[in-house]
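K.L.:
Provided below: work.csv, containing CSV, C-alpha atoms.
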```csv
chain,number,residue,atom,x,y,z
A,1,MET,CA,-134.5,-10.9,52.0
A,2,SER,CA,-132.0,-11.1,49.2
A,3,GLY,CA,-134.2,-13.4,47.1
A,4,ARG,CA,-133.1,-16.7,45.7
A,5,PRO,CA,-130.6,-16.3,42.9
A,6,ARG,CA,-130.3,-18.6,40.0
A,7,ARG,CA,-127.3,-20.3,38.5
A,8,ILE,CA,-127.1,-19.3,34.8
A,9,ARG,CA,-127.3,-22.6,32.9
A,10,ARG,CA,-127.0,-22.2,29.2
A,11,GLY,CA,-124.5,-23.0,26.5
A,12,ALA,CA,-122.8,-19.6,26.7
A,13,ALA,CA,-122.2,-20.0,30.4
A,14,LEU,CA,-119.0,-21.9,29.9
A,15,THR,CA,-116.7,-19.2,28.9
A,16,LEU,CA,-113.1,-20.0,29.7
A,17,VAL,CA,-112.4,-16.3,29.6
A,18,PHE,CA,-110.7,-13.7,31.7
A,19,GLY,CA,-114.1,-12.2,32.0
A,20,ALA,CA,-113.5,-8.7,33.1
A,21,VAL,CA,-111.1,-8.2,30.1
A,22,LEU,CA,-113.7,-9.1,27.6
A,23,ALA,CA,-116.3,-6.9,29.4
A,24,THR,CA,-114.2,-3.8,29.5
A,25,GLY,CA,-112.0,-4.3,26.5
A,26,ALA,CA,-114.1,-5.9,23.8
A,27,ALA,CA,-117.2,-4.1,25.0
A,28,THR,CA,-115.6,-0.8,24.0
A,29,GLY,CA,-113.7,-2.1,21.0
A,30,SER,CA,-110.4,-1.3,22.6
A,31,TRP,CA,-108.1,-4.2,23.3
A,32,GLY,CA,-107.5,-5.6,19.9
A,33,ASP,CA,-104.1,-3.8,19.6
A,34,VAL,CA,-103.3,-3.4,23.2
A,35,ALA,CA,-100.5,-5.4,24.8
A,36,GLN,CA,-99.5,-5.1,28.4
A,37,GLY,CA,-96.8,-7.7,29.0
A,38,GLY,CA,-99.2,-10.5,27.9
A,39,GLN,CA,-101.5,-10.0,30.9
A,40,ARG,CA,-104.4,-7.6,30.9
A,41,LYS,CA,-105.9,-6.6,34.3
A,42,PRO,CA,-109.6,-6.5,34.8
A,43,ALA,CA,-111.1,-3.1,35.4
A,44,ARG,CA,-113.1,-4.3,38.3
A,45,SER,CA,-111.3,-6.5,40.7
A,46,THR,CA,-110.6,-6.7,44.4
A,47,PRO,CA,-107.2,-7.7,45.8
A,48,PHE,CA,-107.3,-11.1,47.4
A,49,ALA,CA,-106.2,-11.3,51.0
A,50,ALA,CA,-103.1,-13.4,51.6
A,51,GLY,CA,-104.0,-16.7,53.2
A,52,SER,CA,-107.7,-16.4,52.5
A,53,VAL,CA,-109.5,-19.8,52.5
A,54,ALA,CA,-112.9,-19.2,51.1
A,55,ASP,CA,-113.8,-22.0,48.6
A,56,THR,CA,-115.6,-21.1,45.3
A,57,ASP,CA,-117.9,-24.2,45.7
A,58,GLU,CA,-119.0,-23.0,49.1
A,59,ILE,CA,-119.6,-19.5,47.7
A,60,ALA,CA,-121.7,-20.9,44.8
A,61,ALA,CA,-123.7,-23.0,47.2
A,62,ALA,CA,-124.3,-20.0,49.5
A,63,ILE,CA,-125.4,-17.9,46.5
A,64,ASP,CA,-127.7,-20.6,45.1
A,65,ASP,CA,-129.3,-21.1,48.5
A,66,GLY,CA,-130.1,-17.4,48.8
A,67,LYS,CA,-128.0,-17.0,51.9
A,68,VAL,CA,-126.1,-14.0,50.7
A,69,GLY,CA,-126.9,-10.7,48.9
A,70,SER,CA,-124.8,-9.0,46.3
A,71,LYS,CA,-122.6,-7.1,48.8
A,72,ALA,CA,-121.8,-10.3,50.7
A,73,ALA,CA,-121.2,-12.2,47.5
A,74,GLU,CA,-118.8,-9.6,46.3
A,75,ALA,CA,-116.9,-9.7,49.6
A,76,LEU,CA,-116.8,-13.5,49.4
A,77,VAL,CA,-115.4,-13.5,45.9
A,78,SER,CA,-112.7,-11.0,46.9
A,79,ARG,CA,-111.7,-13.2,49.8
A,80,SER,CA,-111.7,-16.5,47.8
A,81,GLY,CA,-108.1,-16.4,46.9
A,82,ASP,CA,-109.1,-17.3,43.3
A,83,ARG,CA,-107.7,-14.7,40.9
A,84,TRP,CA,-110.2,-15.7,38.1
A,85,SER,CA,-113.4,-15.5,40.1
A,86,ALA,CA,-115.1,-12.1,39.6
A,87,PHE,CA,-118.1,-10.1,40.7
A,88,TYR,CA,-120.1,-7.9,38.2
A,89,THR,CA,-122.8,-5.4,38.8
A,90,ALA,CA,-125.9,-6.0,36.6
A,91,GLN,CA,-124.7,-3.2,34.3
A,92,GLU,CA,-121.2,-4.6,34.0
A,93,TYR,CA,-122.5,-8.1,33.2
A,94,GLU,CA,-124.9,-6.8,30.6
A,95,GLY,CA,-121.9,-5.3,28.8
A,96,PHE,CA,-120.1,-8.6,29.2
A,97,GLN,CA,-123.0,-10.5,27.6
A,98,GLN,CA,-123.2,-8.0,24.8
A,99,SER,CA,-119.5,-8.5,24.0
A,100,LEU,CA,-120.0,-12.3,24.0
A,101,ASP,CA,-122.9,-11.8,21.6
A,102,GLY,CA,-120.6,-9.9,19.2
A,103,ARG,CA,-121.8,-6.4,20.1
A,104,TYR,CA,-120.6,-3.6,22.3
A,105,VAL,CA,-121.6,-0.1,23.3
A,106,GLY,CA,-118.9,2.4,22.5
A,107,VAL,CA,-117.7,4.9,19.9
A,108,GLY,CA,-115.6,2.5,17.7
A,109,LEU,CA,-112.1,3.2,18.9
A,110,TRP,CA,-109.2,0.8,19.5
A,111,VAL,CA,-106.6,2.4,21.7
A,112,ARG,CA,-103.1,1.6,22.8
A,113,ARG,CA,-100.7,3.0,25.4
A,114,GLU,CA,-97.2,4.0,24.2
A,115,GLU,CA,-94.1,3.6,26.4
A,116,ASN,CA,-94.2,7.3,27.3
A,117,GLY,CA,-97.7,6.9,28.6
A,118,ARG,CA,-99.5,8.6,25.8
A,119,ILE,CA,-102.8,7.0,24.5
A,120,ASP,CA,-103.0,6.7,20.8
A,121,VAL,CA,-105.8,5.6,18.5
A,122,ALA,CA,-104.8,2.2,17.0
A,123,ARG,CA,-107.8,1.7,14.8
A,124,VAL,CA,-111.2,3.3,14.0
A,125,GLN,CA,-114.2,1.1,13.3
A,126,LYS,CA,-115.9,1.7,9.9
A,127,ASP,CA,-119.2,3.6,10.1
A,128,SER,CA,-118.8,4.2,13.9
A,129,PRO,CA,-119.4,7.4,15.8
A,130,ALA,CA,-115.6,7.9,15.9
A,131,ALA,CA,-115.3,7.4,12.1
A,132,ARG,CA,-118.1,9.9,11.5
A,133,GLY,CA,-116.4,12.3,13.8
A,134,GLY,CA,-113.3,12.4,11.7
A,135,ILE,CA,-111.0,10.5,14.1
A,136,ARG,CA,-108.2,8.6,12.5
A,137,ALA,CA,-105.7,5.9,13.5
A,138,GLY,CA,-102.6,7.6,14.9
A,139,ASP,CA,-104.5,10.4,16.5
A,140,ARG,CA,-103.6,11.0,20.2
A,141,LEU,CA,-106.4,10.7,22.8
A,142,VAL,CA,-105.6,13.3,25.4
A,143,ALA,CA,-108.7,13.5,27.5
A,144,ILE,CA,-112.2,11.9,28.1
A,145,ASP,CA,-114.9,14.2,29.5
A,146,GLY,CA,-112.2,16.6,30.6
A,147,VAL,CA,-110.1,14.0,32.4
A,148,ASP,CA,-106.5,13.7,31.2
A,149,VAL,CA,-105.9,10.1,30.2
A,150,THR,CA,-102.1,10.3,29.6
A,151,GLY,CA,-100.3,7.7,31.7
A,152,ARG,CA,-103.5,6.0,32.9
A,153,PRO,CA,-104.1,2.2,32.5
A,154,VAL,CA,-105.7,1.2,29.3
A,155,THR,CA,-108.5,-0.6,31.2
A,156,GLU,CA,-109.4,2.8,32.8
A,157,VAL,CA,-109.3,4.5,29.5
A,158,VAL,CA,-111.6,2.0,27.8
A,159,SER,CA,-113.9,2.0,30.8
A,160,ARG,CA,-114.3,5.8,30.5
A,161,LEU,CA,-115.0,5.4,26.7
A,162,ARG,CA,-117.7,2.9,27.5
A,163,GLY,CA,-119.3,5.0,30.3
A,164,SER,CA,-122.6,3.6,31.6
A,165,ASN,CA,-122.9,1.1,28.7
A,166,ALA,CA,-125.9,3.0,27.4
A,167,ALA,CA,-126.2,3.8,23.7
A,168,GLY,CA,-127.0,7.4,22.9
A,169,THR,CA,-125.0,8.9,25.8
A,170,ALA,CA,-122.4,11.5,25.0
A,171,VAL,CA,-118.7,11.4,25.5
A,172,ARG,CA,-116.3,14.4,25.0
A,173,LEU,CA,-112.9,13.5,23.7
A,174,GLY,CA,-109.8,15.7,23.6
A,175,LEU,CA,-107.6,14.8,20.7
A,176,ARG,CA,-104.3,15.8,19.0
A,177,ARG,CA,-103.0,15.3,15.5
A,178,GLY,CA,-99.6,16.7,15.0
A,179,ASP,CA,-99.8,20.4,16.1
A,180,GLN,CA,-103.6,20.4,15.9
A,181,ALA,CA,-105.7,20.0,19.1
A,182,TRP,CA,-109.5,19.7,19.1
A,183,GLU,CA,-112.5,18.3,21.0
A,184,ALA,CA,-115.1,15.9,19.6
A,185,THR,CA,-118.4,15.1,21.3
A,186,LEU,CA,-119.6,11.7,20.2
A,187,ARG,CA,-122.7,9.6,20.9
A,188,ARG,CA,-122.1,6.0,22.0
A,189,ALA,CA,-123.8,3.4,19.9
A,190,LEU,CA,-124.4,-0.3,19.9
A,191,LEU,CA,-121.8,-1.6,17.4
A,192,PRO,CA,-120.9,-5.0,16.0
A,193,ALA,CA,-117.7,-6.3,17.4
A,194,GLU,CA,-114.9,-6.9,14.8
A,195,THR,CA,-113.4,-10.0,16.4
A,196,VAL,CA,-112.4,-11.8,13.2
A,197,ILE,CA,-110.1,-10.3,10.5
A,198,VAL,CA,-109.5,-12.2,7.3
A,199,GLN,CA,-106.8,-11.3,4.7
A,200,HIS,CA,-105.7,-13.1,1.6
A,201,LEU,CA,-101.9,-12.9,1.5
A,202,ALA,CA,-99.4,-13.6,-1.2
A,203,HIS,CA,-98.8,-17.2,-2.4
A,204,GLY,CA,-102.4,-18.2,-1.6
A,205,ILE,CA,-102.1,-17.9,2.2
A,206,THR,CA,-105.3,-17.1,4.1
A,207,TYR,CA,-104.6,-15.0,7.3
A,208,VAL,CA,-107.3,-15.2,10.0
A,209,LYS,CA,-106.9,-13.1,13.2
A,210,ILE,CA,-109.3,-13.9,16.0
A,211,ASP,CA,-109.4,-11.4,18.9
A,212,ALA,CA,-112.0,-13.2,21.0
A,213,PHE,CA,-114.4,-16.1,20.7
A,214,THR,CA,-117.7,-14.3,20.5
A,215,LYS,CA,-121.0,-15.6,19.1
A,216,GLY,CA,-120.7,-16.6,15.4
A,217,VAL,CA,-116.8,-16.6,15.2
A,218,GLY,CA,-116.7,-20.4,14.4
A,219,THR,CA,-119.0,-19.9,11.4
A,220,HIS,CA,-117.1,-16.9,10.2
A,221,VAL,CA,-113.8,-18.8,10.4
A,222,ARG,CA,-115.1,-21.9,8.7
A,223,GLU,CA,-116.5,-19.8,5.8
A,224,ALA,CA,-113.2,-17.9,5.5
A,225,VAL,CA,-111.0,-21.0,5.2
A,226,LYS,CA,-113.3,-23.4,3.3
A,227,ASP,CA,-111.5,-22.6,0.0
A,228,ALA,CA,-108.0,-22.3,1.4
A,229,THR,CA,-105.6,-24.7,-0.2
A,230,ASP,CA,-102.2,-23.2,0.1
A,231,GLY,CA,-102.0,-22.5,3.8
A,232,VAL,CA,-103.8,-20.9,6.7
A,233,LEU,CA,-102.2,-18.6,9.2
A,234,LEU,CA,-104.4,-18.5,12.4
A,235,ASP,CA,-103.4,-15.6,14.6
A,236,LEU,CA,-104.4,-16.0,18.2
A,237,ARG,CA,-102.0,-13.5,19.7
A,238,GLY,CA,-103.7,-11.3,22.3
A,239,ASN,CA,-106.9,-13.5,22.3
A,240,SER,CA,-108.1,-13.6,25.9
A,241,GLY,CA,-110.7,-16.3,25.4
A,242,GLY,CA,-114.5,-16.3,25.1
A,243,LEU,CA,-117.2,-18.9,24.3
A,244,VAL,CA,-115.9,-22.4,24.4
A,245,ALA,CA,-118.4,-23.6,21.8
A,246,GLU,CA,-117.0,-21.1,19.4
A,247,ALA,CA,-113.4,-22.2,20.0
A,248,VAL,CA,-114.5,-25.8,19.4
A,249,SER,CA,-116.3,-24.7,16.3
A,250,VAL,CA,-113.0,-23.2,15.0
A,251,ALA,CA,-111.2,-26.4,15.8
A,252,SER,CA,-113.8,-28.3,13.8
A,253,ALA,CA,-112.8,-26.4,10.7
A,254,PHE,CA,-109.4,-28.1,10.8
A,255,LEU,CA,-110.2,-31.5,12.4
A,256,ASP,CA,-112.3,-34.5,11.3
A,257,GLY,CA,-113.9,-35.1,14.6
A,258,GLY,CA,-112.1,-36.3,17.7
A,259,LEU,CA,-111.3,-34.9,21.1
A,260,VAL,CA,-110.6,-31.2,21.6
A,261,ALA,CA,-110.4,-31.1,25.4
A,262,THR,CA,-111.7,-32.6,28.6
A,263,TYR,CA,-112.8,-30.5,31.6
A,264,ASP,CA,-114.3,-31.0,35.0
A,265,VAL,CA,-117.1,-29.1,36.7
A,266,HIS,CA,-117.3,-29.6,40.4
A,267,GLY,CA,-115.4,-32.9,39.9
A,268,THR,CA,-117.6,-34.2,37.1
A,269,GLN,CA,-115.6,-35.0,34.0
A,270,ARG,CA,-116.8,-33.9,30.6
A,271,ALA,CA,-115.4,-33.8,27.1
A,272,LEU,CA,-115.5,-31.5,24.0
A,273,TYR,CA,-115.3,-33.0,20.5
A,274,ALA,CA,-114.8,-31.5,17.1
A,275,ASP,CA,-117.4,-32.0,14.4
A,276,ASP,CA,-116.7,-34.4,11.6
A,277,GLY,CA,-115.6,-33.2,8.2
A,278,GLY,CA,-113.0,-30.5,8.8
A,279,ASP,CA,-110.1,-29.8,6.5
A,280,THR,CA,-107.2,-31.9,7.7
A,281,GLU,CA,-104.9,-31.3,4.6
A,282,THR,CA,-104.3,-27.6,4.2
A,283,PRO,CA,-101.1,-26.5,6.0
A,284,LEU,CA,-101.9,-24.7,9.2
A,285,VAL,CA,-99.7,-22.5,11.4
A,286,VAL,CA,-101.0,-21.0,14.7
A,287,LEU,CA,-99.5,-17.8,16.1
A,288,VAL,CA,-99.6,-17.3,19.9
A,289,ASP,CA,-98.0,-15.1,22.5
A,290,GLY,CA,-98.2,-14.3,26.2
A,291,GLY,CA,-101.6,-12.7,25.7
A,292,THR,CA,-103.1,-15.9,24.3
A,293,MET,CA,-105.4,-17.1,27.1
A,294,SER,CA,-108.1,-19.6,28.1
A,295,ALA,CA,-110.2,-20.8,25.1
A,296,ALA,CA,-107.4,-19.6,22.8
A,297,GLU,CA,-105.0,-21.8,24.6
A,298,LEU,CA,-107.5,-24.6,24.5
A,299,LEU,CA,-107.7,-24.2,20.7
A,300,SER,CA,-104.0,-23.8,20.0
A,301,GLY,CA,-103.1,-26.7,22.3
A,302,ALA,CA,-105.7,-29.0,20.8
A,303,LEU,CA,-104.5,-28.4,17.3
A,304,GLN,CA,-100.9,-29.0,18.5
A,305,ASP,CA,-101.7,-32.2,20.4
A,306,ARG,CA,-103.7,-33.6,17.5
A,307,GLY,CA,-100.7,-32.9,15.1
A,308,ARG,CA,-102.8,-30.6,13.0
A,309,ALA,CA,-100.9,-27.4,13.3
A,310,VAL,CA,-97.4,-26.0,14.0
A,311,VAL,CA,-97.6,-23.5,16.8
A,312,ILE,CA,-95.3,-20.5,16.6
A,313,GLY,CA,-94.5,-17.5,18.8
A,314,SER,CA,-93.9,-17.3,22.6
A,315,PRO,CA,-95.4,-19.3,25.5
A,316,THR,CA,-99.1,-18.6,26.1
A,317,PHE,CA,-100.5,-17.2,29.3
A,318,GLY,CA,-101.4,-20.3,31.2
A,319,LYS,CA,-105.1,-20.0,32.3
A,320,GLY,CA,-106.7,-23.5,32.3
A,321,SER,CA,-109.6,-22.9,34.7
A,322,VAL,CA,-113.3,-22.9,33.9
A,323,GLN,CA,-115.7,-20.3,35.2
A,324,MET,CA,-119.5,-20.4,35.4
A,325,PRO,CA,-121.7,-17.5,36.6
A,326,SER,CA,-124.4,-17.3,39.3
A,327,ARG,CA,-126.9,-14.4,39.2
A,328,LEU,CA,-128.3,-12.7,42.3
A,329,ALA,CA,-131.7,-11.2,42.7
A,330,ASP,CA,-130.5,-7.6,41.8
A,331,GLY,CA,-129.0,-8.9,38.5
A,332,SER,CA,-125.4,-8.8,39.7
A,333,VAL,CA,-123.3,-11.9,38.9
A,334,ALA,CA,-120.6,-13.9,40.7
A,335,GLU,CA,-118.5,-15.7,38.2
A,336,LEU,CA,-116.8,-18.6,40.0
A,337,THR,CA,-114.1,-21.2,39.1
A,338,VAL,CA,-115.7,-24.6,38.9
A,339,GLY,CA,-112.9,-26.7,37.4
A,340,HIS,CA,-110.0,-27.0,34.9
A,341,TYR,CA,-109.5,-28.3,31.4
A,342,LYS,CA,-106.9,-30.5,29.8
A,343,LEU,CA,-105.7,-30.9,26.2
A,344,PRO,CA,-106.2,-34.1,24.1
A,345,ALA,CA,-102.8,-35.4,25.2
A,346,GLY,CA,-103.8,-35.0,28.9
A,347,ARG,CA,-101.7,-32.0,29.7
A,348,SER,CA,-102.9,-29.0,31.6
A,349,VAL,CA,-102.1,-25.5,30.6
A,350,ASP,CA,-102.9,-24.0,34.0
A,351,GLY,CA,-99.9,-22.0,35.2
A,352,VAL,CA,-97.6,-23.2,32.4
A,353,GLY,CA,-99.3,-22.3,29.1
A,354,VAL,CA,-98.8,-23.8,25.7
A,355,GLU,CA,-95.2,-24.1,24.6
A,356,PRO,CA,-94.8,-23.2,20.9
A,357,ASP,CA,-93.2,-25.7,18.5
A,358,VAL,CA,-91.2,-22.8,17.1
A,359,LEU,CA,-90.1,-20.2,19.6
A,360,VAL,CA,-89.7,-16.7,18.2
A,361,ALA,CA,-87.2,-14.5,20.1
A,362,ALA,CA,-88.3,-11.1,21.4
A,363,GLY,CA,-88.0,-8.4,18.7
A,364,LYS,CA,-88.3,-10.9,15.9
A,365,ASP,CA,-91.1,-10.8,13.3
A,366,ALA,CA,-93.3,-13.8,14.4
A,367,GLU,CA,-95.6,-13.4,11.4
A,368,ALA,CA,-92.7,-13.6,9.0
A,369,GLU,CA,-91.4,-16.7,10.8
A,370,ALA,CA,-94.9,-18.2,10.4
A,371,ARG,CA,-95.0,-17.6,6.7
A,372,GLU,CA,-91.6,-19.2,6.3
A,373,VAL,CA,-92.8,-22.3,8.2
A,374,LEU,CA,-95.9,-22.4,6.0
A,375,SER,CA,-93.7,-22.4,2.9
A,376,GLY,CA,-92.0,-25.5,4.3
A,377,LEU,CA,-95.3,-27.2,4.9
A,378,GLY,CA,-96.2,-27.2,1.2
A,379,THR,CA,-97.1,-23.7,0.2
A,380,PRO,CA,-95.3,-22.0,-2.7
A,381,PRO,CA,-92.1,-20.1,-1.6
```
As structure tokens - that is how I would like this structure written.

P.N.:
Amino acid sequence: MSGRPRRIRRGAALTLVFGAVLATGAATGSWGDVAQGGQRKPARSTPFAAGSVADTDEIAAAIDDGKVGSKAAEALVSRSGDRWSAFYTAQEYEGFQQSLDGRYVGVGLWVRREENGRIDVARVQKDSPAARGGIRAGDRLVAIDGVDVTGRPVTEVVSRLRGSNAAGTAVRLGLRRGDQAWEATLRRALLPAETVIVQHLAHGITYVKIDAFTKGVGTHVREAVKDATDGVLLDLRGNSGGLVAEAVSVASAFLDGGLVATYDVHGTQRALYADDGGDTETPLVVLVDGGTMSAAELLSGALQDRGRAVVIGSPTFGKGSVQMPSRLADGSVAELTVGHYKLPAGRSVDGVGVEPDVLVAAGKDAEAEAREVLSGLGTPP
């Protein structure tokens, strides 16, 4: 007997997220500075067979009725033909939930892959095992536990950094800095995710970078912009999604109530509304790119449709589907597509993305363009 699974029904279940990305990337503190053509591949995925016909509603029903075990559920998900449905082991899903709660098990490294395949340290988290081990931004990561990582996909690198997702486990890193080569053995720790970065720029501009919509992001952003008067630059580039409630909470900082999005779950229509009392006067520019996905597209598109923000950058990814998870008896989870969302004007982003109001050509400085637009919206030159 496989045991009767239960559908996970709680507020955090609606994630509008490329789930495996958040699980492998944010859970290791790794994808904040990593760009791979605007599309990040999940570390755990099974190629879908061409012409497969399995339906996610049927799969969910079979799981909820206790008719399939974890192996069968994983096979059904892989044959569904839905690129956004995913299967997680219990351990993988625990890491995913930790990342959504604003925590991750890792060593505090953000890494990026250069064009020649080398893996460089992009950022080191303060007070992390990596920081205490003397690792600095710009160092080259050569090996993890004796395995050469040069040329390997970033998702594999961060998965190796995370290991078994258990705090206290050791990981041995091979590093280079100029002509110096050394090894550092670090102990993984449960660390707070740094998903919001706030900077106060010249001319009174408040810069807010959101890497993912994890728990508490909305409160953090509202606090950061409550005294902003000259302009807000909201950077959603590379944001792969997260908790819908947090994206709506961020929208509420800039809207005085009203519709943020509509979505359907198994054909039932629902709506998301901003809270009353947001700041509708301070000039607002939103930066997006091809790595802006899911809940980040919902937010940027809603602010655009409501006439609240000027959206600048390149077209967003185009993921407008909604996933909800079903847990099996062994703790594994099948996360299945249950519907799609639409922006306030009724348009869908699925497959098309959000088109910026101001397109920035490749190679141009999108942030500089955004500051210039802000100056035209009322901030001092």

K.L.:
What gap, in Å, lies between CA of Arg136 in chain A and CA of Gly106 in chain A?

P.N.:
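Here the two named atoms are 15.9 Å from each other.
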
K.L.:
Figure out the distance between CA of Glu114 in chain A and CA of Gly134 in chain A, please, to one decimal in Å.

P.N.:
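Taking CA of Gly134 in chain A and CA of Glu114 in chain A, their separation equals 22.0 Å.
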
K.L.:
Given all atoms listed in the file as the basis, pick out the residue of A:Ile59, A:Ala193, A:Leu161, A:Ala253 nearest to Phe213 in chain A.

P.N.:
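Selected residue with least distance to Phe213 in chain A: A:Ala193.
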
K.L.:
Residues within 8 Å of Gln125 in chain A, please, as a ChimeraX atom specification. Count all atoms listed in the file; anything in the same chain fewer than 4 positions from it doesn't count.

P.N.:
/A:108-110,130-131

K.L.:
Suppose we keep C-alpha atoms; can you now write the selection as a PDB file, keeping the file's coordinate frame?

P.N.:
```pdb
ATOM      1  CA  GLY A 108    -115.600   2.500  17.700  1.00  0.00           C
ATOM      2  CA  LEU A 109    -112.100   3.200  18.900  1.00  0.00           C
ATOM      3  CA  TRP A 110    -109.200   0.800  19.500  1.00  0.00           C
ATOM      4  CA  ALA A 130    -115.600   7.900  15.900  1.00  0.00           C
ATOM      5  CA  ALA A 131    -115.300   7.400  12.100  1.00  0.00           C
TER       6      ALA A 131
END
```

K.L.:
Can you tell me how far CA of Gly291 in chain A sits from CA of Val121 in chain A, in Å to one decimal?

P.N.:
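Atom-to-atom, CA of Gly291 in chain A to CA of Val121 in chain A, that is 20.1 Å.
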
K.L.:
Using all atoms listed in the file, which of A:His203, A:Lys215, A:Arg347, A:Arg308 sits nearest Gln97 in chain A?

P.N.:
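Once distances to Gln97 in chain A are computed over all atoms listed in the file, the minimum belongs to A:Lys215.
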
K.L.:
Which polymer residues, whether protein, DNA or RNA, lie within 12 Å of the coordinate (-95.8, -25.6, -0.2) when you count all atoms listed in the file? List them as a compact mmCIF listing (two decimals) with C-alpha atoms, in the coordinates of the input, using the chain letters and numbers from the file.

P.N.:
```
# COMPACT_ATOMS: atom_id res chain seq x y z
CA HIS A 203 -98.80 -17.20 -2.40
CA GLY A 204 -102.40 -18.20 -1.60
CA ILE A 205 -102.10 -17.90 2.20
CA THR A 229 -105.60 -24.70 -0.20
CA ASP A 230 -102.20 -23.20 0.10
CA GLY A 231 -102.00 -22.50 3.80
CA VAL A 232 -103.80 -20.90 6.70
CA GLU A 281 -104.90 -31.30 4.60
CA THR A 282 -104.30 -27.60 4.20
CA PRO A 283 -101.10 -26.50 6.00
CA LEU A 284 -101.90 -24.70 9.20
CA ARG A 371 -95.00 -17.60 6.70
CA GLU A 372 -91.60 -19.20 6.30
CA VAL A 373 -92.80 -22.30 8.20
CA LEU A 374 -95.90 -22.40 6.00
CA SER A 375 -93.70 -22.40 2.90
CA GLY A 376 -92.00 -25.50 4.30
CA LEU A 377 -95.30 -27.20 4.90
CA GLY A 378 -96.20 -27.20 1.20
CA THR A 379 -97.10 -23.70 0.20
CA PRO A 380 -95.30 -22.00 -2.70
CA PRO A 381 -92.10 -20.10 -1.60
```

K.L.:
Using only C-alpha atoms, determine which residues lie at most 7 Å from Tyr88 in chain A, disregarding the query and same-chain residues fewer than 6 positions distant; provide the list as number ranges by chain.

P.N.:
A: 332-334

K.L.:
Output range 74-85 of chain A from the block with N, CA, C and O atoms, as a PDB file, in the first residue's frame?

P.N.:
```pdb
ATOM      1  N   GLU A  74       6.310   9.937 -10.098  1.00  0.00           N
ATOM      2  CA  GLU A  74       7.410  10.565 -10.816  1.00  0.00           C
ATOM      3  C   GLU A  74       7.338  10.241 -12.308  1.00  0.00           C
ATOM      4  O   GLU A  74       7.555  11.106 -13.164  1.00  0.00           O
ATOM      5  N   ALA A  75       7.006   8.987 -12.630  1.00  0.00           N
ATOM      6  CA  ALA A  75       6.896   8.596 -14.030  1.00  0.00           C
ATOM      7  C   ALA A  75       5.739   9.320 -14.714  1.00  0.00           C
ATOM      8  O   ALA A  75       5.854   9.754 -15.858  1.00  0.00           O
ATOM      9  N   LEU A  76       4.621   9.455 -13.989  1.00  0.00           N
ATOM     10  CA  LEU A  76       3.474  10.158 -14.571  1.00  0.00           C
ATOM     11  C   LEU A  76       3.803  11.619 -14.847  1.00  0.00           C
ATOM     12  O   LEU A  76       3.441  12.172 -15.891  1.00  0.00           O
ATOM     13  N   VAL A  77       4.490  12.254 -13.893  1.00  0.00           N
ATOM     14  CA  VAL A  77       4.865  13.656 -14.086  1.00  0.00           C
ATOM     15  C   VAL A  77       5.788  13.793 -15.288  1.00  0.00           C
ATOM     16  O   VAL A  77       5.638  14.702 -16.112  1.00  0.00           O
ATOM     17  N   SER A  78       6.732  12.868 -15.434  1.00  0.00           N
ATOM     18  CA  SER A  78       7.696  12.954 -16.536  1.00  0.00           C
ATOM     19  C   SER A  78       7.022  12.764 -17.881  1.00  0.00           C
ATOM     20  O   SER A  78       7.499  13.277 -18.893  1.00  0.00           O
ATOM     21  N   ARG A  79       5.882  12.044 -17.904  1.00  0.00           N
ATOM     22  CA  ARG A  79       5.177  11.797 -19.164  1.00  0.00           C
ATOM     23  C   ARG A  79       4.048  12.782 -19.416  1.00  0.00           C
ATOM     24  O   ARG A  79       3.350  12.683 -20.418  1.00  0.00           O
ATOM     25  N   SER A  80       3.853  13.735 -18.525  1.00  0.00           N
ATOM     26  CA  SER A  80       2.690  14.612 -18.616  1.00  0.00           C
ATOM     27  C   SER A  80       2.768  15.571 -19.794  1.00  0.00           C
ATOM     28  O   SER A  80       1.749  16.085 -20.250  1.00  0.00           O
ATOM     29  N   GLY A  81       3.973  15.861 -20.261  1.00  0.00           N
ATOM     30  CA  GLY A  81       4.118  16.844 -21.316  1.00  0.00           C
ATOM     31  C   GLY A  81       4.097  18.273 -20.812  1.00  0.00           C
ATOM     32  O   GLY A  81       4.206  19.206 -21.592  1.00  0.00           O
ATOM     33  N   ASP A  82       3.969  18.457 -19.486  1.00  0.00           N
ATOM     34  CA  ASP A  82       3.922  19.788 -18.876  1.00  0.00           C
ATOM     35  C   ASP A  82       5.312  20.123 -18.349  1.00  0.00           C
ATOM     36  O   ASP A  82       5.779  19.518 -17.379  1.00  0.00           O
ATOM     37  N   ARG A  83       5.966  21.105 -18.963  1.00  0.00           N
ATOM     38  CA  ARG A  83       7.338  21.433 -18.587  1.00  0.00           C
ATOM     39  C   ARG A  83       7.452  21.983 -17.184  1.00  0.00           C
ATOM     40  O   ARG A  83       8.544  22.020 -16.599  1.00  0.00           O
ATOM     41  N   TRP A  84       6.331  22.450 -16.598  1.00  0.00           N
ATOM     42  CA  TRP A  84       6.402  23.094 -15.286  1.00  0.00           C
ATOM     43  C   TRP A  84       6.041  22.161 -14.139  1.00  0.00           C
ATOM     44  O   TRP A  84       6.309  22.479 -12.984  1.00  0.00           O
ATOM     45  N   SER A  85       5.410  21.023 -14.441  1.00  0.00           N
ATOM     46  CA  SER A  85       5.174  20.054 -13.373  1.00  0.00           C
ATOM     47  C   SER A  85       6.508  19.428 -12.979  1.00  0.00           C
ATOM     48  O   SER A  85       7.397  19.266 -13.813  1.00  0.00           O
TER      49      SER A  85
END
```
